[in-house]
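Okay, my_file39.txt is below, compact mmCIF, C-alpha atoms:
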# COMPACT_ATOMS: atom_id res chain seq x y z
CA MET D 287 90.59 88.39 62.62
CA TYR D 288 89.10 84.95 62.10
CA ASP D 289 86.09 84.30 59.90
CA LEU D 290 82.89 84.98 61.86
CA THR D 291 80.82 83.26 59.17
CA SER D 292 82.63 79.95 59.70
CA PRO D 293 80.35 77.38 61.42
CA GLN D 294 83.38 76.01 63.26
CA THR D 295 84.36 79.46 64.51
CA ILE D 296 80.82 80.12 65.72
CA ARG D 297 80.67 76.78 67.54
CA ASP D 298 84.10 77.36 69.07
CA LEU D 299 83.08 80.80 70.36
CA MET D 300 79.83 79.49 71.79
CA SER D 301 81.63 76.58 73.44
CA ARG D 302 84.45 78.69 74.83
CA TYR D 303 82.05 81.18 76.38
CA ARG D 304 79.62 78.44 77.42
CA LEU D 305 76.75 79.95 75.47
CA PHE D 306 73.93 78.45 73.43
CA PHE D 307 71.65 79.69 70.68
CA LYS D 308 68.61 81.42 72.16
CA LYS D 309 65.51 80.81 70.11
CA GLY D 310 63.69 83.40 72.21
CA PHE D 311 66.05 86.10 70.92
CA GLY D 312 65.82 84.86 67.33
CA GLN D 313 69.53 84.04 67.18
CA ASN D 314 70.49 82.65 63.77
CA PHE D 315 74.06 83.54 62.82
CA LEU D 316 75.15 84.08 59.21
CA ILE D 317 77.48 81.49 57.71
CA ASP D 318 77.51 82.85 54.14
CA SER D 319 80.53 85.15 53.97
CA GLN D 320 79.13 87.17 51.06
CA VAL D 321 75.86 88.19 52.71
CA PRO D 322 77.18 90.73 55.27
CA ASP D 323 79.11 92.64 52.59
CA GLU D 324 76.12 92.48 50.24
CA ILE D 325 73.74 93.84 52.88
CA THR D 326 76.19 96.65 53.58
CA ARG D 327 76.45 97.49 49.88
CA LEU D 328 72.68 97.44 49.39
CA SER D 329 72.16 99.74 52.35
CA GLY D 330 73.86 102.53 50.41
CA ILE D 331 75.95 103.75 53.34
CA ASP D 332 79.36 105.38 52.94
CA GLY D 333 82.06 106.92 55.12
CA THR D 334 79.84 109.83 56.16
CA PHE D 335 77.08 107.67 57.68
CA GLY D 336 76.18 106.79 61.20
CA VAL D 337 74.61 103.32 61.33
CA LEU D 338 72.31 101.88 63.96
CA GLU D 339 72.51 98.08 64.05
CA ILE D 340 70.00 96.01 66.01
CA GLY D 341 70.98 92.60 67.33
CA PRO D 342 74.67 92.34 66.31
CA GLY D 343 74.91 88.78 67.66
CA ILE D 344 78.59 87.85 67.46
CA GLY D 345 79.42 90.88 65.29
CA THR D 346 79.40 89.40 61.78
CA LEU D 347 77.40 92.18 60.10
CA THR D 348 78.89 94.74 62.50
CA ARG D 349 82.38 94.24 61.07
CA ALA D 350 81.12 94.67 57.50
CA LEU D 351 79.28 97.87 58.43
CA ALA D 352 82.27 99.27 60.31
CA LYS D 353 84.41 98.99 57.18
CA LYS D 354 82.07 101.37 55.33
CA ALA D 355 80.45 103.64 57.92
CA LYS D 356 81.84 106.53 59.92
CA LYS D 357 80.32 105.12 63.10
CA VAL D 358 78.25 102.08 64.08
CA VAL D 359 76.14 101.82 67.21
CA ALA D 360 74.93 98.27 67.83
CA VAL D 361 72.09 97.61 70.29
CA GLU D 362 72.09 94.08 71.71
CA ILE D 363 69.55 92.70 74.18
CA ASP D 364 71.52 89.58 75.14
CA GLN D 365 73.88 90.51 77.98
CA SER D 366 75.62 87.11 77.72
CA LEU D 367 77.21 88.21 74.43
CA LYS D 368 79.34 90.93 76.07
CA GLU D 369 82.51 88.86 76.24
CA ILE D 370 82.16 87.45 72.74
CA LEU D 371 81.57 90.89 71.23
CA SER D 372 84.52 92.26 73.16
CA GLU D 373 86.64 89.65 71.41
CA THR D 374 85.12 89.81 67.93
CA ILE D 375 84.67 93.57 67.46
CA GLY D 376 86.70 95.04 70.32
CA ASP D 377 89.37 96.18 67.87
CA LEU D 378 86.94 98.43 65.95
CA SER D 379 87.37 102.04 67.09
CA ASN D 380 84.24 103.25 65.27
CA VAL D 381 81.83 100.79 66.94
CA THR D 382 79.87 101.30 70.16
CA VAL D 383 77.74 98.52 71.66
CA ILE D 384 74.75 99.30 73.87
CA PHE D 385 73.35 96.36 75.81
CA ASP D 386 69.64 97.08 76.00
CA ASP D 387 66.28 96.31 74.45
CA ILE D 388 65.89 98.46 71.32
CA LEU D 389 62.18 98.80 72.07
CA LYS D 390 63.07 100.60 75.30
CA GLN D 391 65.42 103.06 73.62
CA ASP D 392 64.45 106.65 72.84
CA ILE D 393 65.45 106.50 69.16
CA PRO D 394 65.55 110.26 68.38
CA LYS D 395 67.56 110.90 71.56
CA LEU D 396 69.94 108.04 70.74
CA ILE D 397 70.54 109.36 67.22
CA ASP D 398 71.11 112.95 68.38
CA LYS D 399 73.64 111.74 70.94
CA GLU D 400 75.56 109.18 68.86
CA PHE D 401 75.40 110.59 65.31
CA PRO D 402 75.56 114.40 65.46
CA GLY D 403 75.73 115.95 62.00
CA MET D 404 75.71 112.57 60.20
CA PRO D 405 73.23 111.05 57.79
CA VAL D 406 71.84 107.99 59.58
CA ALA D 407 70.74 104.55 58.42
CA CYS D 408 69.58 101.47 60.27
CA VAL D 409 70.92 98.13 59.06
CA ALA D 410 70.07 94.90 60.84
CA ASN D 411 69.39 91.19 60.75
CA LEU D 412 66.18 91.54 62.75
CA PRO D 413 64.98 89.00 65.32
CA TYR D 414 61.99 87.40 63.61
CA TYR D 415 59.76 87.40 66.67
CA ILE D 416 59.65 91.21 67.07
CA THR D 417 60.29 92.40 63.52
CA THR D 418 57.04 94.37 63.19
CA SER D 419 57.44 96.08 66.58
CA ILE D 420 60.98 97.21 65.75
CA VAL D 421 60.12 98.46 62.27
CA THR D 422 57.13 100.39 63.65
CA LYS D 423 59.27 102.05 66.33
CA LEU D 424 61.98 103.05 63.86
CA LEU D 425 59.56 104.48 61.30
CA GLU D 426 57.85 106.52 63.99
CA ALA D 427 61.20 108.24 64.54
CA ARG D 428 60.22 110.08 61.34
CA ALA D 429 63.00 111.77 59.38
CA ARG D 430 65.76 110.63 61.72
CA PHE D 431 66.78 107.96 59.20
CA GLN D 432 67.56 108.18 55.50
CA SER D 433 66.96 104.48 55.04
CA LEU D 434 66.33 101.20 56.84
CA THR D 435 67.80 97.94 55.54
CA PHE D 436 66.62 94.76 57.23
CA MET D 437 66.92 91.03 56.83
CA VAL D 438 63.59 89.43 57.72
CA GLN D 439 61.63 86.27 56.98
CA GLU D 440 60.79 86.09 53.28
CA GLU D 441 57.04 86.00 53.95
CA VAL D 442 57.37 89.10 56.14
CA ALA D 443 59.31 90.86 53.38
CA LYS D 444 56.47 90.11 50.96
CA ARG D 445 53.93 91.56 53.36
CA PHE D 446 56.02 94.66 54.04
CA CYS D 447 56.50 95.35 50.33
CA ALA D 448 53.04 94.39 49.06
CA THR D 449 50.70 96.96 47.56
CA PRO D 450 47.04 97.54 48.50
CA GLY D 451 44.82 94.98 46.83
CA GLU D 452 47.41 92.20 46.92
CA ARG D 453 46.90 89.07 48.97
CA ASP D 454 49.93 89.77 51.19
CA CYS D 455 48.76 93.27 52.13
CA GLY D 456 48.24 93.94 55.85
CA ALA D 457 48.00 96.92 58.20
CA ILE D 458 51.81 97.00 58.49
CA THR D 459 52.03 97.24 54.68
CA LEU D 460 50.10 100.51 54.65
CA PHE D 461 52.01 101.80 57.67
CA ILE D 462 55.31 101.19 55.87
CA HIS D 463 54.11 102.75 52.59
CA TYR D 464 53.02 105.84 54.53
CA TYR D 465 56.55 106.43 55.81
CA ALA D 466 58.78 104.81 53.19
CA GLN D 467 59.23 103.23 49.78
CA PRO D 468 59.99 99.52 50.39
CA GLU D 469 61.82 97.12 48.09
CA VAL D 470 63.07 93.54 48.36
CA VAL D 471 66.73 93.73 47.35
CA LEU D 472 68.15 90.29 48.21
CA LYS D 473 66.98 86.72 48.87
CA VAL D 474 68.86 84.75 51.52
CA PRO D 475 68.24 80.97 51.76
CA LYS D 476 67.80 79.34 55.16
CA ASP D 477 71.02 77.34 54.81
CA SER D 478 72.91 80.65 55.08
CA PHE D 479 72.38 80.54 58.87
CA LEU D 480 73.46 78.56 61.90
CA PRO D 481 71.23 77.17 63.22
CA ALA D 482 69.18 77.07 60.02
CA PRO D 483 65.70 78.58 60.44
CA LYS D 484 62.66 76.84 58.99
CA VAL D 485 62.12 79.47 56.28
CA ASP D 486 64.14 81.54 53.82
CA SER D 487 64.91 85.20 54.47
CA ALA D 488 65.01 88.36 52.40
CA VAL D 489 66.64 91.77 52.70
CA ILE D 490 64.35 94.77 52.31
CA HIS D 491 65.44 98.36 51.82
CA LEU D 492 63.14 101.15 52.99
CA THR D 493 63.84 104.62 51.62
CA LEU D 494 62.28 107.11 54.01
CA ARG D 495 59.90 109.62 52.45
CA SER D 496 60.46 113.33 53.09
CA HIS D 497 56.66 113.69 53.13
CA PRO D 498 53.94 111.01 53.41
CA PRO D 499 51.96 110.39 50.19
CA VAL D 500 48.73 111.48 51.96
CA SER D 501 47.96 114.12 54.60
CA PRO D 502 45.15 112.95 56.90
CA ARG D 503 43.78 115.64 59.19
CA ASP D 504 44.04 113.32 62.19
CA GLU D 505 46.97 110.91 61.80
CA ALA D 506 46.04 108.91 64.90
CA MET D 507 42.51 108.32 63.55
CA PHE D 508 43.98 107.39 60.16
CA PHE D 509 46.14 104.63 61.67
CA ARG D 510 43.35 103.41 63.96
CA LEU D 511 41.11 103.07 60.92
CA ILE D 512 43.73 100.99 59.10
CA ARG D 513 44.25 98.69 62.09
CA ALA D 514 40.51 98.26 62.58
CA SER D 515 39.95 97.30 58.95
CA PHE D 516 42.50 94.46 59.20
CA ASN D 517 41.51 93.11 62.61
CA GLN D 518 38.86 91.00 60.91
CA ARG D 519 40.16 90.87 57.37
CA ARG D 520 37.59 88.33 56.15
CA LYS D 521 34.85 90.87 56.82
CA THR D 522 34.04 93.86 54.65
CA PHE D 523 35.63 97.13 55.67
CA VAL D 524 32.30 98.43 56.99
CA ASN D 525 31.67 95.39 59.20
CA GLY D 526 35.24 95.11 60.41
CA ALA D 527 35.66 98.79 61.29
CA ALA D 528 32.19 99.06 62.87
CA ASN D 529 32.96 96.10 65.15
CA SER D 530 36.20 97.67 66.36
CA ASP D 531 36.53 99.69 69.55
CA LEU D 532 39.10 101.80 67.68
CA ILE D 533 36.51 103.55 65.52
CA PRO D 534 33.66 105.73 66.88
CA ALA D 535 31.28 104.96 64.02
CA GLY D 536 28.61 102.41 63.15
CA LYS D 537 27.87 100.52 59.96
CA GLU D 538 25.41 103.08 58.62
CA GLN D 539 27.81 106.01 59.02
CA LEU D 540 30.71 104.09 57.48
CA ALA D 541 28.56 102.89 54.56
CA SER D 542 27.39 106.45 54.01
CA ILE D 543 30.97 107.72 53.92
CA LEU D 544 31.95 105.09 51.35
CA GLU D 545 28.95 106.05 49.23
CA GLU D 546 29.97 109.73 49.36
CA LEU D 547 33.45 108.77 48.19
CA GLY D 548 32.19 106.47 45.41
CA ILE D 549 33.68 103.36 47.04
CA ASP D 550 31.99 99.95 46.88
CA PRO D 551 30.31 99.45 50.29
CA ASN D 552 31.24 95.75 50.17
CA ILE D 553 34.96 96.40 49.74
CA ARG D 554 37.43 94.74 52.10
CA GLY D 555 40.05 96.74 53.93
CA GLU D 556 42.93 95.12 52.06
CA LYS D 557 41.60 96.61 48.83
CA LEU D 558 41.60 100.21 50.06
CA THR D 559 44.44 102.57 49.16
CA LEU D 560 46.21 105.01 51.46
CA GLU D 561 44.33 107.82 49.74
CA GLN D 562 40.98 106.17 50.43
CA PHE D 563 41.83 105.50 54.06
CA SER D 564 42.84 109.15 54.40
CA ASP D 565 39.57 110.35 52.85
CA ILE D 566 37.48 108.09 55.12
CA SER D 567 39.49 109.18 58.15
CA ASP D 568 38.95 112.87 57.34
CA ARG D 569 35.18 112.36 57.19
CA LEU D 570 35.20 110.57 60.53
Take the structure from the file and write it as structure tokens.
Amino acid sequence: MYDLTSPQTIRDLMSRYRLFFKKGFGQNFLIDSQVPDEITRLSGIDGTFGVLEIGPGIGTLTRALAKKAKKVVAVEIDQSLKEILSETIGDLSNVTVIFDDILKQDIPKLIDKEFPGMPVACVANLPYYITTSIVTKLLEARARFQSLTFMVQEEVAKRFCATPGERDCGAITLFIHYYAQPEVVLKVPKDSFLPAPKVDSAVIHLTLRSHPPVSPRDEAMFFRLIRASFNQRRKTFVNGAANSDLIPAGKEQLASILEELGIDPNIRGEKLTLEQFSDISDRL
């Protein structure tokens, strides 16, 4: 098999199949031969694992995963890549490709069907434009995964792995920390891709928690409260949450709750911990 990280090979494939790079699908193909193997190693998978890959592209990471995993299921939205993938990974007996939008897939049903009795991980070079939507969907699949290993924009990796109180913290940060323990495990410069993106990338590894670190009485209210507090992040938590349609409470009630909990009424949402959000949510 030829080298799928070779710029010349990539251009030849694209030319032969009369294809072009689709910015709308976030297509940036790896041209650093060490990165696919390193991502596979950092994912922690072995020969017992079933692996869900999102956006295989021309199959560069897919081949590295197939060498380690028991089975790989790759979900690709771009139908025009069918012929290329048939050529580049068609010889791999432990790989199945599903041409569909991952956001339209029933993840628990997919896992039960494709990976019966296997530990399951998700490993992917995620399309930058829908990274948050994909991560949210996968985490909401709960304990279906042991881990998630993604390559994302470096600034996104910082936000995903930040801790409450840090500048990079956002609503997605708290969502991720609720379900998993995140860690940046590899930096990948922009010149590792063809075409080269405008920013560097990073690989993050999310180890799924068996139990969340907090137990809010109403999980839906808990997450609505977090989203509301970041919708207007320059405002204090009280002002931001009170102005949101997500929260059935006014400024006075929210200020009173913070006072009961011994929290500064002028605090911003980014400074609140998961425990504090849970306590506020329970009182609401």
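Distances to D:Ile397 were evaluated for D:Ala355, D:Ile370, D:Val337, D:Val421 using only C-alpha atoms, and the minimum falls at D:Val337.
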Nearest candidate to D:Ile393 (options D:Ala457, D:Ile317, D:Val489, D:Val361; using all atoms listed in the file): D:Val361
Spatial neighbours of stretch 439-447 of chain D, 8 Å, all atoms listed in the file, chain gap at least 3 places, as a tab-separated table (two decimals) with C-alpha atoms, keeping the file's coordinate frame:
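Dumped everything to out-v3.tsv:
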chain	number	residue	atom	x	y	z
D	414	TYR	CA	61.99	87.40	63.61
D	454	ASP	CA	49.93	89.77	51.19
D	455	CYS	CA	48.76	93.27	52.13
D	456	GLY	CA	48.24	93.94	55.85
D	458	ILE	CA	51.81	97.00	58.49
D	459	THR	CA	52.03	97.24	54.68
D	462	ILE	CA	55.31	101.19	55.87
D	468	PRO	CA	59.99	99.52	50.39
D	469	GLU	CA	61.82	97.12	48.09
D	470	VAL	CA	63.07	93.54	48.36
D	473	LYS	CA	66.98	86.72	48.87
D	485	VAL	CA	62.12	79.47	56.28
D	486	ASP	CA	64.14	81.54	53.82
D	487	SER	CA	64.91	85.20	54.47
D	488	ALA	CA	65.01	88.36	52.40
D	489	VAL	CA	66.64	91.77	52.70
D	490	ILE	CA	64.35	94.77	52.31
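We find atom CA of D:Thr435 and atom CA of D:Asn411 to be spaced 8.7 Å apart.
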Counting all atoms listed in the file, the option among D:Thr348, D:Thr417, D:Thr522, D:Asn314 closest to D:Lys476: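 Closest to D:Lys476 of all the choices is D:Asn314.
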